[in-house]
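So this one's final-v3.cif, mmCIF, C-alpha atoms:
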```
data_work
loop_
_atom_site.label_atom_id
_atom_site.label_comp_id
_atom_site.auth_asym_id
_atom_site.auth_seq_id
_atom_site.Cartn_x
_atom_site.Cartn_y
_atom_site.Cartn_z
CA MET A 2 159.82 -36.89 265.22
CA ASP A 3 160.51 -35.55 261.76
CA PRO A 4 159.71 -31.81 261.91
CA ASN A 5 159.27 -31.74 258.15
CA ASN A 6 156.71 -34.52 258.14
CA THR A 7 153.71 -33.30 256.19
CA ALA A 8 151.72 -36.51 256.13
CA GLN A 9 148.18 -36.45 257.50
CA PRO A 10 148.07 -38.06 260.97
CA GLN A 11 147.42 -41.78 260.71
CA PRO A 12 144.74 -43.46 262.80
CA ALA A 13 145.81 -45.08 266.04
CA ARG A 14 142.92 -47.58 265.95
CA ALA A 15 142.97 -50.48 268.31
CA SER A 16 143.12 -53.96 266.86
CA LYS A 17 139.99 -56.05 267.38
CA SER A 18 141.76 -59.36 267.05
CA SER A 19 142.43 -60.35 270.65
CA GLN A 20 142.72 -58.89 274.12
CA PRO A 21 146.34 -58.40 275.30
CA THR A 22 147.39 -61.28 277.49
CA PHE A 23 150.74 -60.04 278.78
CA ALA A 24 151.93 -56.89 280.46
CA SER A 25 155.13 -55.91 278.67
CA TYR A 26 153.69 -52.39 278.51
CA GLN A 27 153.95 -52.05 282.31
CA ARG A 28 157.50 -50.69 282.21
CA HIS A 29 156.73 -47.58 284.26
CA GLY A 30 155.29 -47.37 287.75
CA ARG A 31 152.52 -45.07 286.48
CA THR A 32 151.10 -47.85 284.28
CA THR A 33 148.47 -50.22 285.64
CA ALA A 34 146.91 -53.38 284.22
CA ILE A 35 144.27 -52.70 281.58
CA ASP A 36 141.41 -54.02 283.73
CA ASP A 37 142.26 -52.18 286.95
CA HIS A 38 139.73 -49.41 286.26
CA HIS A 39 137.04 -51.41 284.47
CA ASP A 40 134.38 -50.02 286.85
CA LEU A 41 135.32 -46.34 286.35
CA GLN A 42 132.18 -44.55 285.18
CA VAL A 43 133.85 -42.60 282.39
CA LEU A 44 135.31 -45.82 280.94
CA LYS A 45 131.95 -47.58 281.15
CA ARG A 46 130.29 -44.71 279.28
CA ILE A 47 132.94 -44.59 276.55
CA LYS A 48 132.77 -48.34 276.05
CA ARG A 49 128.97 -48.46 276.02
CA TYR A 50 128.19 -45.45 273.85
CA LEU A 51 131.30 -44.54 271.83
CA LEU A 52 133.23 -47.71 270.98
CA PRO A 53 132.43 -50.58 268.61
CA LYS A 54 130.73 -53.53 270.30
CA ASP A 55 133.65 -55.83 269.47
CA PHE A 56 136.36 -53.39 270.61
CA VAL A 57 139.36 -54.72 272.52
CA ILE A 58 142.51 -52.86 273.53
CA SER A 59 145.38 -53.26 271.10
CA GLN A 60 148.75 -54.46 272.35
CA ASP A 61 150.42 -52.38 269.62
CA LEU A 62 148.72 -49.20 270.81
CA LEU A 63 149.68 -49.95 274.40
CA GLU A 64 153.32 -50.36 273.40
CA GLU A 65 153.20 -47.13 271.37
CA MET A 66 151.76 -45.21 274.33
CA VAL A 67 154.38 -46.50 276.74
CA ALA A 68 157.19 -45.71 274.31
CA GLY A 69 155.79 -42.17 274.08
CA TYR A 70 156.25 -41.70 277.83
CA ASP A 71 160.01 -41.48 277.26
CA ILE A 72 159.92 -38.91 274.43
CA GLY A 73 159.56 -35.19 275.05
CA ASP A 74 160.15 -32.66 272.26
CA PRO A 75 163.50 -33.56 270.66
CA LEU A 76 163.84 -30.30 268.69
CA THR A 77 163.23 -27.86 271.51
CA ASP A 78 164.83 -30.01 274.22
CA THR A 79 168.10 -29.69 272.31
CA LEU A 80 167.89 -25.90 272.49
CA ALA A 81 166.82 -25.84 276.14
CA ALA A 82 169.75 -28.07 277.09
CA ASP A 83 172.02 -25.21 276.00
CA GLY A 84 169.95 -22.60 277.84
CA LEU A 85 168.41 -21.13 274.68
CA ARG A 86 164.92 -19.67 274.33
CA PHE A 87 163.45 -19.81 270.87
CA ALA A 88 159.94 -18.29 270.91
CA LYS A 89 160.70 -14.62 270.22
CA PRO A 90 163.62 -15.23 267.79
CA LEU A 91 161.50 -17.75 265.87
CA GLN A 92 158.65 -15.29 265.42
CA GLN A 93 161.06 -12.51 264.42
CA LEU A 94 162.74 -14.76 261.88
CA ILE A 95 159.49 -15.81 260.21
CA LEU A 96 157.53 -12.55 260.40
CA ASP A 97 160.30 -9.93 260.20
CA ASN A 98 163.17 -11.87 258.61
CA LYS A 99 165.41 -11.04 261.58
CA THR A 100 168.03 -13.71 262.18
CA ASP A 101 169.45 -14.66 265.57
CA SER A 102 173.04 -15.64 264.74
CA LYS A 103 173.43 -17.86 267.80
CA LEU A 104 170.26 -19.85 267.19
CA ALA A 105 170.87 -20.00 263.44
CA ALA A 106 173.80 -22.33 264.11
CA TYR A 107 171.44 -25.00 265.50
CA PRO A 108 169.87 -27.42 262.98
CA SER A 109 166.96 -27.91 265.38
CA PHE A 110 166.14 -24.20 265.24
CA SER A 111 166.19 -24.30 261.44
CA ALA A 112 163.83 -27.27 261.57
CA LEU A 113 161.51 -25.31 263.87
CA ALA A 114 161.56 -22.36 261.48
CA GLU A 115 160.59 -24.64 258.62
CA GLN A 116 157.78 -26.17 260.66
CA PHE A 117 156.27 -22.80 261.59
CA SER A 118 156.85 -20.97 258.30
CA ASP A 119 154.07 -22.68 256.39
CA HIS A 120 151.19 -25.05 256.87
CA PRO A 121 151.79 -28.75 256.23
CA THR A 122 150.27 -30.05 253.00
CA TRP A 123 147.58 -32.02 254.82
CA PHE A 124 146.11 -28.93 256.52
CA ASP A 125 142.73 -27.83 255.11
CA PRO A 126 142.02 -24.19 256.14
CA GLN A 127 138.33 -24.42 255.23
CA LEU A 128 137.80 -27.57 257.30
CA ALA A 129 139.65 -25.98 260.21
CA GLN A 130 137.53 -22.84 259.90
CA THR A 131 134.35 -24.92 260.01
CA GLY A 132 135.60 -26.53 263.22
CA ALA A 133 136.70 -23.21 264.70
CA VAL A 134 133.28 -21.59 264.25
CA ALA A 135 131.57 -24.54 265.96
CA TYR A 136 134.15 -24.68 268.74
CA ARG A 137 133.77 -21.00 269.69
CA ARG A 138 130.00 -20.85 269.25
CA TYR A 139 129.24 -21.35 272.96
CA PRO A 140 131.72 -19.38 275.11
CA LEU A 141 130.01 -20.00 278.46
CA MET A 142 129.74 -23.73 277.77
CA LEU A 143 133.35 -23.76 276.58
CA ILE A 144 134.78 -22.44 279.85
CA TRP A 145 132.42 -24.72 281.81
CA LEU A 146 133.78 -27.72 279.95
CA LEU A 147 137.40 -26.58 280.09
CA ARG A 148 137.48 -26.21 283.86
CA ASN A 149 134.94 -28.84 284.95
CA VAL A 150 135.57 -31.63 282.44
CA ALA A 151 138.89 -31.25 280.62
CA LEU A 152 140.92 -30.02 283.63
CA MET A 153 139.08 -31.77 286.48
CA ALA A 154 139.14 -35.14 284.72
CA GLY A 155 142.92 -34.93 284.41
CA TYR A 156 143.47 -34.20 288.11
CA SER A 157 142.77 -37.82 289.04
CA ILE A 158 145.82 -38.92 287.01
CA PRO A 159 149.03 -38.20 288.98
CA ALA A 160 151.22 -38.34 285.87
CA LEU A 161 149.31 -35.29 284.60
CA SER A 162 148.74 -33.51 287.91
CA LEU A 163 152.23 -33.89 289.43
CA PRO A 164 153.94 -31.50 286.96
CA LEU A 165 151.25 -28.93 287.78
CA ILE A 166 151.73 -29.46 291.50
CA GLN A 167 155.52 -29.27 291.39
CA THR A 168 155.44 -26.04 289.37
CA GLY A 169 152.56 -24.55 291.38
CA ALA A 170 150.43 -24.23 288.25
CA LEU A 171 146.64 -24.24 288.75
CA MET A 172 147.11 -24.31 292.53
CA HIS A 173 148.84 -21.15 293.78
CA ASP A 174 147.94 -19.23 290.59
CA ALA A 175 144.66 -20.93 289.70
CA LEU A 176 142.88 -17.93 288.17
CA PRO A 177 145.63 -16.64 285.85
CA ARG A 178 146.49 -20.18 284.76
CA LEU A 179 142.85 -20.94 283.99
CA MET A 180 142.30 -17.71 282.10
CA ARG A 181 145.49 -18.10 280.05
CA THR A 182 144.59 -21.66 279.17
CA TYR A 183 141.12 -20.49 278.18
CA ALA A 184 142.64 -17.69 276.10
CA TYR A 185 144.86 -20.20 274.32
CA ILE A 186 142.08 -22.58 273.29
CA LEU A 187 140.20 -19.55 271.96
CA ALA A 188 143.29 -18.33 270.10
CA VAL A 189 143.53 -21.72 268.41
CA SER A 190 139.98 -21.29 267.13
CA GLU A 191 140.34 -17.58 266.35
CA HIS A 192 137.91 -16.31 263.74
CA PRO A 193 139.58 -14.88 260.64
CA LEU A 194 137.23 -11.88 260.54
CA LEU A 195 138.21 -9.28 263.13
CA PRO A 196 136.19 -6.23 264.22
CA LYS A 197 136.81 -3.07 262.20
CA THR A 198 138.04 -1.39 265.37
CA SER A 199 140.76 -4.00 265.88
CA THR A 200 144.35 -2.74 265.72
CA ARG A 201 145.73 -6.21 265.04
CA VAL A 202 146.80 -7.35 261.59
CA PRO A 203 143.84 -9.15 259.92
CA ILE A 204 144.29 -12.86 259.28
CA ASP A 205 142.90 -14.63 256.23
CA SER A 206 142.24 -18.02 257.82
CA VAL A 207 142.11 -19.76 261.17
CA LEU A 208 145.58 -20.61 262.53
CA ALA A 209 147.21 -18.55 259.80
CA ILE A 210 150.94 -17.95 260.02
CA GLY A 211 151.28 -14.95 262.33
CA SER A 212 147.83 -15.40 263.92
CA GLU A 213 147.33 -15.34 267.67
CA GLY A 214 146.93 -19.11 267.72
CA TRP A 215 150.24 -19.50 265.85
CA ARG A 216 152.03 -17.10 268.22
CA GLN A 217 150.69 -18.68 271.37
CA SER A 218 151.47 -22.20 270.13
CA ILE A 219 155.12 -21.18 269.86
CA GLN A 220 155.00 -19.63 273.33
CA VAL A 221 153.28 -22.65 274.91
CA ARG A 222 155.82 -24.96 273.29
CA GLN A 223 158.66 -22.97 274.84
CA ILE A 224 156.97 -23.00 278.26
CA HIS A 225 156.47 -26.77 278.07
CA THR A 226 160.13 -27.23 277.14
CA LEU A 227 161.41 -25.08 280.01
CA VAL A 228 159.10 -26.77 282.52
CA ARG A 229 160.24 -30.17 281.29
CA GLN A 230 163.89 -29.27 281.77
CA ASN A 231 163.27 -27.82 285.24
CA LEU A 232 161.29 -30.87 286.35
CA LEU A 233 163.96 -33.25 285.09
CA SER A 234 166.61 -31.38 287.07
CA GLY A 235 164.45 -31.22 290.22
CA LYS A 236 164.25 -27.40 290.30
CA ASN A 237 160.51 -27.22 290.98
CA ASN A 238 159.64 -27.74 294.65
CA ALA A 239 156.11 -26.34 294.91
CA ALA A 240 154.83 -29.83 295.80
CA LYS A 241 156.42 -29.64 299.25
CA GLY A 242 153.68 -29.99 301.82
CA VAL A 243 151.13 -30.86 299.12
CA ALA A 244 152.28 -34.27 297.88
CA THR A 245 154.45 -36.62 299.89
CA GLU A 246 157.92 -37.57 298.70
CA ALA A 247 156.74 -41.17 298.47
CA ASP A 248 153.87 -40.19 296.15
CA GLN A 249 156.19 -38.10 293.97
CA HIS A 250 158.63 -41.02 293.55
CA ARG A 251 161.59 -38.65 293.16
CA ASN A 252 165.09 -39.92 292.48
CA PRO A 253 167.46 -39.87 295.49
CA ASP A 254 168.92 -36.56 294.28
CA GLY A 255 165.45 -34.98 294.11
CA SER A 256 165.16 -35.03 290.32
CA TRP A 257 162.21 -36.31 288.29
CA ASN A 258 161.95 -40.11 288.18
CA THR A 259 161.67 -40.96 284.48
CA ALA A 260 161.72 -44.70 285.17
CA TYR A 261 158.49 -44.28 287.14
CA TRP A 262 156.72 -41.41 285.33
CA GLY A 263 158.40 -41.20 281.94
CA VAL A 264 159.61 -37.80 280.71
CA PRO A 265 157.40 -34.93 281.96
CA ILE A 266 155.08 -33.45 279.31
CA ASN A 267 155.84 -36.37 277.03
CA GLN A 268 154.37 -37.33 273.67
CA THR A 269 151.66 -39.59 275.10
CA ASP A 270 150.51 -37.11 277.75
CA MET A 271 150.48 -34.29 275.18
CA ILE A 272 148.10 -36.33 273.02
CA ALA A 273 145.90 -36.85 276.08
CA THR A 274 145.86 -33.06 276.54
CA HIS A 275 145.08 -32.64 272.83
CA LEU A 276 142.01 -34.87 273.31
CA GLN A 277 141.00 -33.05 276.51
CA PHE A 278 140.77 -29.78 274.58
CA SER A 279 139.21 -31.19 271.41
CA LEU A 280 137.38 -34.50 271.86
CA LEU A 281 136.14 -34.09 275.47
CA ILE A 282 134.99 -30.50 275.01
CA MET A 283 133.24 -31.45 271.77
CA ARG A 284 131.50 -34.37 273.50
CA GLY A 285 130.48 -32.11 276.37
CA LEU A 286 128.97 -29.56 274.00
CA ARG A 287 126.89 -32.28 272.36
CA LEU A 288 125.69 -33.60 275.72
CA LEU A 289 124.65 -30.07 276.71
CA GLY A 290 122.52 -29.75 273.59
CA ALA A 291 124.81 -28.27 270.93
CA ARG A 292 124.25 -29.47 267.39
CA ILE A 293 127.71 -30.25 266.08
CA SER A 294 127.64 -31.87 262.65
CA SER A 295 130.02 -34.61 261.56
CA GLU A 296 131.86 -32.08 259.38
CA GLU A 297 132.19 -29.66 262.31
CA ALA A 298 133.47 -32.48 264.52
CA GLU A 299 136.05 -33.39 261.89
CA GLY A 300 136.99 -29.72 261.67
CA ILE A 301 137.50 -29.38 265.43
CA LEU A 302 139.87 -32.37 265.46
CA HIS A 303 141.63 -31.06 262.34
CA LEU A 304 142.09 -27.67 263.98
CA TRP A 305 143.68 -29.24 267.06
CA ASN A 306 145.83 -31.57 264.97
CA LEU A 307 147.67 -28.52 263.63
CA ALA A 308 147.87 -26.86 267.07
CA SER A 309 149.28 -30.06 268.58
CA TYR A 310 151.72 -30.47 265.70
CA TRP A 311 152.97 -26.93 266.33
CA MET A 312 153.31 -27.75 270.04
CA GLY A 313 155.64 -30.63 269.24
CA VAL A 314 153.41 -33.70 269.00
CA ASP A 315 154.55 -36.37 266.55
CA LEU A 316 151.91 -36.54 263.82
CA GLU A 317 152.26 -40.28 263.47
CA ARG A 318 151.04 -40.71 267.04
CA LEU A 319 147.85 -38.67 266.66
CA PRO A 320 144.62 -40.62 266.14
CA LYS A 321 143.09 -39.56 262.84
CA ASP A 322 139.32 -39.56 263.28
CA GLU A 323 136.76 -39.35 266.06
CA ALA A 324 136.36 -43.14 266.40
CA ALA A 325 140.13 -43.59 266.67
CA CYS A 326 140.27 -40.78 269.25
CA TRP A 327 137.80 -42.56 271.52
CA GLU A 328 139.74 -45.83 271.20
CA TRP A 329 142.98 -44.01 272.02
CA LEU A 330 141.48 -42.21 275.04
CA TYR A 331 139.85 -45.38 276.39
CA THR A 332 143.17 -47.20 276.16
CA TYR A 333 145.05 -44.35 277.82
CA LEU A 334 142.62 -44.03 280.73
CA SER A 335 142.59 -47.79 281.23
CA ILE A 336 146.28 -47.95 282.13
CA GLN A 337 146.81 -44.75 284.12
CA GLN A 338 147.52 -45.01 287.82
CA LEU A 339 144.89 -42.96 289.68
CA ASP A 340 145.56 -40.89 292.81
CA PHE A 341 142.67 -38.72 293.86
CA GLU A 342 144.45 -37.47 296.96
CA MET A 343 147.23 -35.94 294.87
CA GLY A 344 144.70 -34.21 292.62
CA GLN A 345 142.54 -32.83 295.43
CA PRO A 346 144.60 -29.63 296.02
CA LEU A 347 144.33 -28.78 292.32
CA ALA A 348 140.62 -29.55 292.27
CA LYS A 349 140.02 -27.45 295.39
CA ALA A 350 141.95 -24.47 294.00
CA LEU A 351 139.88 -24.56 290.82
CA HIS A 352 136.61 -25.20 292.64
CA ASP A 353 137.10 -22.31 295.10
CA LEU A 354 137.70 -19.62 292.46
CA PRO A 355 134.15 -18.17 292.34
CA ARG A 356 134.08 -17.33 296.05
CA GLN A 357 137.64 -16.03 295.92
CA LEU A 358 136.47 -13.56 293.28
CA MET A 359 133.07 -12.74 294.74
CA GLY A 360 133.73 -13.11 298.48
CA GLU A 361 133.61 -16.05 300.86
CA ASP A 362 130.05 -15.30 301.94
CA ASN A 363 128.73 -14.51 298.49
CA ARG A 364 125.69 -16.66 297.66
CA ARG A 365 126.23 -16.32 293.95
CA GLY A 366 129.78 -17.58 294.35
CA ARG A 367 128.59 -20.63 296.27
CA PHE A 368 125.93 -21.27 293.64
CA VAL A 369 128.47 -21.09 290.80
CA GLU A 370 130.72 -23.52 292.65
CA MET A 371 127.87 -26.00 293.05
CA VAL A 372 127.00 -25.69 289.36
CA ASN A 373 130.62 -26.30 288.41
CA ALA A 374 130.85 -29.38 290.63
CA SER A 375 127.57 -30.62 289.18
CA VAL A 376 128.95 -30.35 285.64
CA THR A 377 131.93 -32.51 286.64
CA ARG A 378 129.79 -35.10 288.41
CA THR A 379 127.22 -35.25 285.60
CA LEU A 380 129.59 -35.43 282.65
CA VAL A 381 132.67 -37.12 284.17
CA GLY A 382 131.23 -39.28 286.93
CA ASP A 383 130.48 -39.39 290.64
CA ASP A 384 133.44 -41.66 291.34
CA ILE A 385 135.89 -39.00 290.14
CA GLY A 386 133.79 -36.26 291.78
CA ASP A 387 133.93 -38.13 295.09
CA GLY A 388 137.63 -38.85 294.70
CA LEU A 389 138.40 -35.15 294.15
CA ALA A 390 136.16 -34.24 297.13
CA LEU A 391 133.79 -32.11 295.06
CA PRO A 392 130.50 -31.20 296.78
CA LYS A 393 127.19 -32.80 295.87
CA SER A 394 124.08 -30.82 295.05
CA LYS A 395 120.47 -31.97 295.15
CA LEU A 396 119.93 -29.87 292.04
CA ARG A 397 122.97 -31.28 290.20
CA PHE A 398 121.04 -32.39 287.14
CA GLY A 399 119.80 -28.86 286.72
CA VAL A 400 122.84 -28.29 284.51
CA LEU A 401 121.05 -30.44 281.94
CA SER A 402 118.36 -27.77 281.70
CA SER A 403 120.68 -26.14 279.19
CA VAL A 404 120.02 -29.00 276.76
CA PRO A 405 116.59 -27.94 275.47
CA ILE A 406 117.61 -24.27 275.54
CA LEU A 407 120.77 -24.82 273.53
CA PHE A 408 118.98 -27.24 271.20
CA ALA A 409 116.24 -24.67 270.50
CA LEU A 410 118.76 -21.88 269.88
CA ASP A 411 120.76 -24.08 267.54
CA THR A 412 117.60 -25.01 265.64
CA ALA A 413 116.66 -21.34 265.26
CA ARG A 414 120.21 -20.43 264.23
CA GLN A 415 120.23 -23.03 261.49
CA HIS A 416 116.93 -21.88 259.98
CA ASN A 417 116.96 -18.12 260.48
CA GLN A 418 119.85 -15.88 259.45
CA THR A 419 118.63 -12.99 261.61
CA VAL A 420 118.70 -15.19 264.69
CA ALA A 421 122.13 -16.51 263.69
CA THR A 422 123.47 -12.95 263.37
CA LYS A 423 122.07 -11.89 266.76
CA LEU A 424 123.45 -15.00 268.45
CA GLU A 425 126.89 -14.33 266.98
CA ALA A 426 126.78 -10.72 268.22
CA PHE A 427 125.79 -11.95 271.69
CA ARG A 428 128.58 -14.54 271.58
CA ALA A 429 131.17 -11.93 270.66
CA LYS A 430 130.05 -9.57 273.44
CA ARG A 431 129.92 -12.38 275.99
CA GLN A 432 133.35 -13.55 274.89
CA ASP A 433 134.81 -10.10 275.34
CA ASN A 434 133.32 -9.84 278.84
CA MET A 435 134.80 -13.21 279.83
CA ASN A 436 138.31 -11.98 279.05
CA TRP A 437 138.09 -9.30 281.75
CA TRP A 438 140.85 -10.71 283.93
CA LEU A 439 143.37 -10.93 281.10
CA LYS A 440 142.63 -7.40 279.90
CA LYS A 441 143.02 -6.08 283.44
CA ASN A 442 146.00 -8.05 284.73
CA ASP A 443 148.02 -9.59 281.89
CA ALA A 444 150.25 -7.22 279.90
CA TYR A 445 150.19 -9.59 276.92
CA TYR A 446 146.47 -8.91 276.34
CA GLN A 447 146.42 -5.20 277.14
#
```

Would you put the structure from the file into structure tokens?
Amino acid sequence: MDPNNTAQPQPARASKSSQPTFASYQRHGRTTAIDDHHDLQVLKRIKRYLLPKDFVISQDLLEEMVAGYDIGDPLTDTLAADGLRFAKPLQQLILDNKTDSKLAAYPSFSALAEQFSDHPTWFDPQLAQTGAVAYRRYPLMLIWLLRNVALMAGYSIPALSLPLIQTGALMHDALPRLMRTYAYILAVSEHPLLPKTSTRVPIDSVLAIGSEGWRQSIQVRQIHTLVRQNLLSGKNNAAKGVATEADQHRNPDGSWNTAYWGVPINQTDMIATHLQFSLLIMRGLRLLGARISSEEAEGILHLWNLASYWMGVDLERLPKDEAACWEWLYTYLSIQQLDFEMGQPLAKALHDLPRQLMGEDNRRGRFVEMVNASVTRTLVGDDIGDGLALPKSKLRFGVLSSVPILFALDTARQHNQTVATKLEAFRAKRQDNMNWWLKKNDAYYQ
């Protein structure tokens, strides 16, 4: 990846010429044949409602995805190999002009500083702001979709769930991990206008240099780099007793098996995560009744293009528009080995959170858990819900009752400024209440 690349991401559209007839892309054990999951409900829905009628999977895109399995983050991996952490020195260099003499000697650190010092030429702050406002408009729906669609859907894919299992993320520390992930996706879409009582430095645009989204993107990139290095060296052993050695496909010395899985947190899997947080959440909001315009949809993807670029994703690999995103995601899901048993501990940890917080015998906690499981089953599919051992509810489609409510509120918001102002005030208050755990337990947010 060229860290100085300022070109707008090019579309990764699938060719419609002919269906691939050979399996040269199956170079890793994690990769299945493209028709192995043809009956998966989520793939059927994407193909029926979101792809062109004449769509076929592109051999070129398949080869690009598989090549991306073997690429991590070349810039930061170079620093991590020498035991260097870059997040704090990078922020100090850019914001305070304080130079770390040791890191300054590394060309990769200089390239990082250039990447984070200014926006690339393709970035449109106004378009990103339009997307950010739409993305944050529904805080309750947002956390619903993060936990029950974006995260749960990924747990059926062992290439995505195994790093989480081996590090203990979202299993032993399910609540803090969920809340920090939620805080990050909100930081990415941070509104430029802050309350008058805020002690933070005002920002003039979404994802401005020095904004919370900018800071956390640097921090997340460092965390990903350190986790990648630890996994490659076999230092993370939290999977013991959770996933069998055979399922983990470790090397004889206990290290990560790149021939089978590719590099952990690689370019292709990072794009999948990018689409989990942008495309899938946006689709979920629409299905639940939110009116998201074509410009707002473009803005949401544009917003996450910059966040993903800052987190080390190669711009040339990112699909450019919504149609290309669906083609990319369909192709990715078609060739991923599935292992529901490996994902079940993660799914259970996430599912059980309400009663852990409210008490094992708390009826409200049980109700919230059933609602959460119903969101997954309704929007992702019963096959994945069954595979992850999520409970079934006779009232599962009750989650769709939000559709007319949200539709009516959106209609009123669009035609009445007073209603729009009151809804925004309610959103802000609700958002503040939902950050209770971070404000109470995480020093970063206190």

Once the PyMOL selection byres ((chain A and resi 313) around 10) has been evaluated on this model, what residues remain selected, and can you format them as a tab-separated table (two decimals) with C-alpha atoms, keeping the file's coordinate frame?
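Written file, out.tsv:
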```tsv
chain	number	residue	atom	x	y	z
A	2	MET	CA	159.82	-36.89	265.22
A	4	PRO	CA	159.71	-31.81	261.91
A	73	GLY	CA	159.56	-35.19	275.05
A	74	ASP	CA	160.15	-32.66	272.26
A	75	PRO	CA	163.50	-33.56	270.66
A	76	LEU	CA	163.84	-30.30	268.69
A	77	THR	CA	163.23	-27.86	271.51
A	113	LEU	CA	161.51	-25.31	263.87
A	116	GLN	CA	157.78	-26.17	260.66
A	218	SER	CA	151.47	-22.20	270.13
A	219	ILE	CA	155.12	-21.18	269.86
A	222	ARG	CA	155.82	-24.96	273.29
A	223	GLN	CA	158.66	-22.97	274.84
A	225	HIS	CA	156.47	-26.77	278.07
A	226	THR	CA	160.13	-27.23	277.14
A	267	ASN	CA	155.84	-36.37	277.03
A	268	GLN	CA	154.37	-37.33	273.67
A	271	MET	CA	150.48	-34.29	275.18
A	307	LEU	CA	147.67	-28.52	263.63
A	308	ALA	CA	147.87	-26.86	267.07
A	309	SER	CA	149.28	-30.06	268.58
A	310	TYR	CA	151.72	-30.47	265.70
A	311	TRP	CA	152.97	-26.93	266.33
A	312	MET	CA	153.31	-27.75	270.04
A	314	VAL	CA	153.41	-33.70	269.00
A	315	ASP	CA	154.55	-36.37	266.55
A	316	LEU	CA	151.91	-36.54	263.82
```

(message) Considering all atoms listed in the file, can you say which of A:Tyr26, A:Arg397, A:Ala260, A:Thr131 comes closest to Glu297 (chain A)?
(response) A:Thr131

With the PyMOL selection byres ((chain A and resi 42) around 9) as the selection, what would be picked from this file? Answer as a PDB file with C-alpha atoms, in the coordinates of the input, please.
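Writing the result to out-v3.pdb gives the following:
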```
ATOM      1  CA  HIS A  39     137.040 -51.410 284.470  1.00  0.00           C
ATOM      2  CA  ASP A  40     134.380 -50.020 286.850  1.00  0.00           C
ATOM      3  CA  LEU A  41     135.320 -46.340 286.350  1.00  0.00           C
ATOM      4  CA  VAL A  43     133.850 -42.600 282.390  1.00  0.00           C
ATOM      5  CA  LEU A  44     135.310 -45.820 280.940  1.00  0.00           C
ATOM      6  CA  LYS A  45     131.950 -47.580 281.150  1.00  0.00           C
ATOM      7  CA  ARG A  46     130.290 -44.710 279.280  1.00  0.00           C
ATOM      8  CA  ILE A  47     132.940 -44.590 276.550  1.00  0.00           C
ATOM      9  CA  VAL A 381     132.670 -37.120 284.170  1.00  0.00           C
ATOM     10  CA  GLY A 382     131.230 -39.280 286.930  1.00  0.00           C
ATOM     11  CA  ASP A 383     130.480 -39.390 290.640  1.00  0.00           C
ATOM     12  CA  ASP A 384     133.440 -41.660 291.340  1.00  0.00           C
ATOM     13  CA  ILE A 385     135.890 -39.000 290.140  1.00  0.00           C
TER      14      ILE A 385
END
```

(request) Could you state which residues are captured by the PyMOL selection byres ((chain A and resi 86-99) around 6) in this file, as a ChimeraX atom specification? (result) /A:85,100,219-220

Those same residues - C-alpha atoms - I'd like them written as a compact mmCIF listing (two decimals), in the coordinates of the input.
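Writing done, so here's result35.txt:
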```txt
# COMPACT_ATOMS: atom_id res chain seq x y z
CA LEU A 85 168.41 -21.13 274.68
CA THR A 100 168.03 -13.71 262.18
CA ILE A 219 155.12 -21.18 269.86
CA GLN A 220 155.00 -19.63 273.33
```

(request) Go ahead and compute the interatomic distance for CA of Tyr331 (chain A) and CA of Thr269 (chain A), in Å to one decimal. (result) 13.2 Å

Export C-alpha atoms of region 340-359 of chain A from the structure just given, as a compact mmCIF listing (two decimals), in the first residue's frame?
```txt
# COMPACT_ATOMS: atom_id res chain seq x y z
CA ASP A 340 -17.96 -22.87 11.61
CA PHE A 341 -20.90 -22.11 13.85
CA GLU A 342 -19.52 -24.16 16.72
CA MET A 343 -16.42 -21.94 16.94
CA GLY A 344 -18.58 -18.81 16.95
CA GLN A 345 -21.05 -20.03 19.57
CA PRO A 346 -18.99 -18.96 22.65
CA LEU A 347 -18.73 -15.43 21.23
CA ALA A 348 -22.43 -15.35 20.39
CA LYS A 349 -23.37 -16.61 23.85
CA ALA A 350 -21.18 -14.05 25.61
CA LEU A 351 -22.80 -11.25 23.63
CA HIS A 352 -26.31 -12.67 23.96
CA ASP A 353 -26.06 -13.09 27.77
CA LEU A 354 -25.02 -9.49 28.51
CA PRO A 355 -28.48 -8.11 29.45
CA ARG A 356 -29.02 -10.65 32.25
CA GLN A 357 -25.44 -10.26 33.42
CA LEU A 358 -26.16 -6.56 33.89
CA MET A 359 -29.71 -6.84 35.22
```
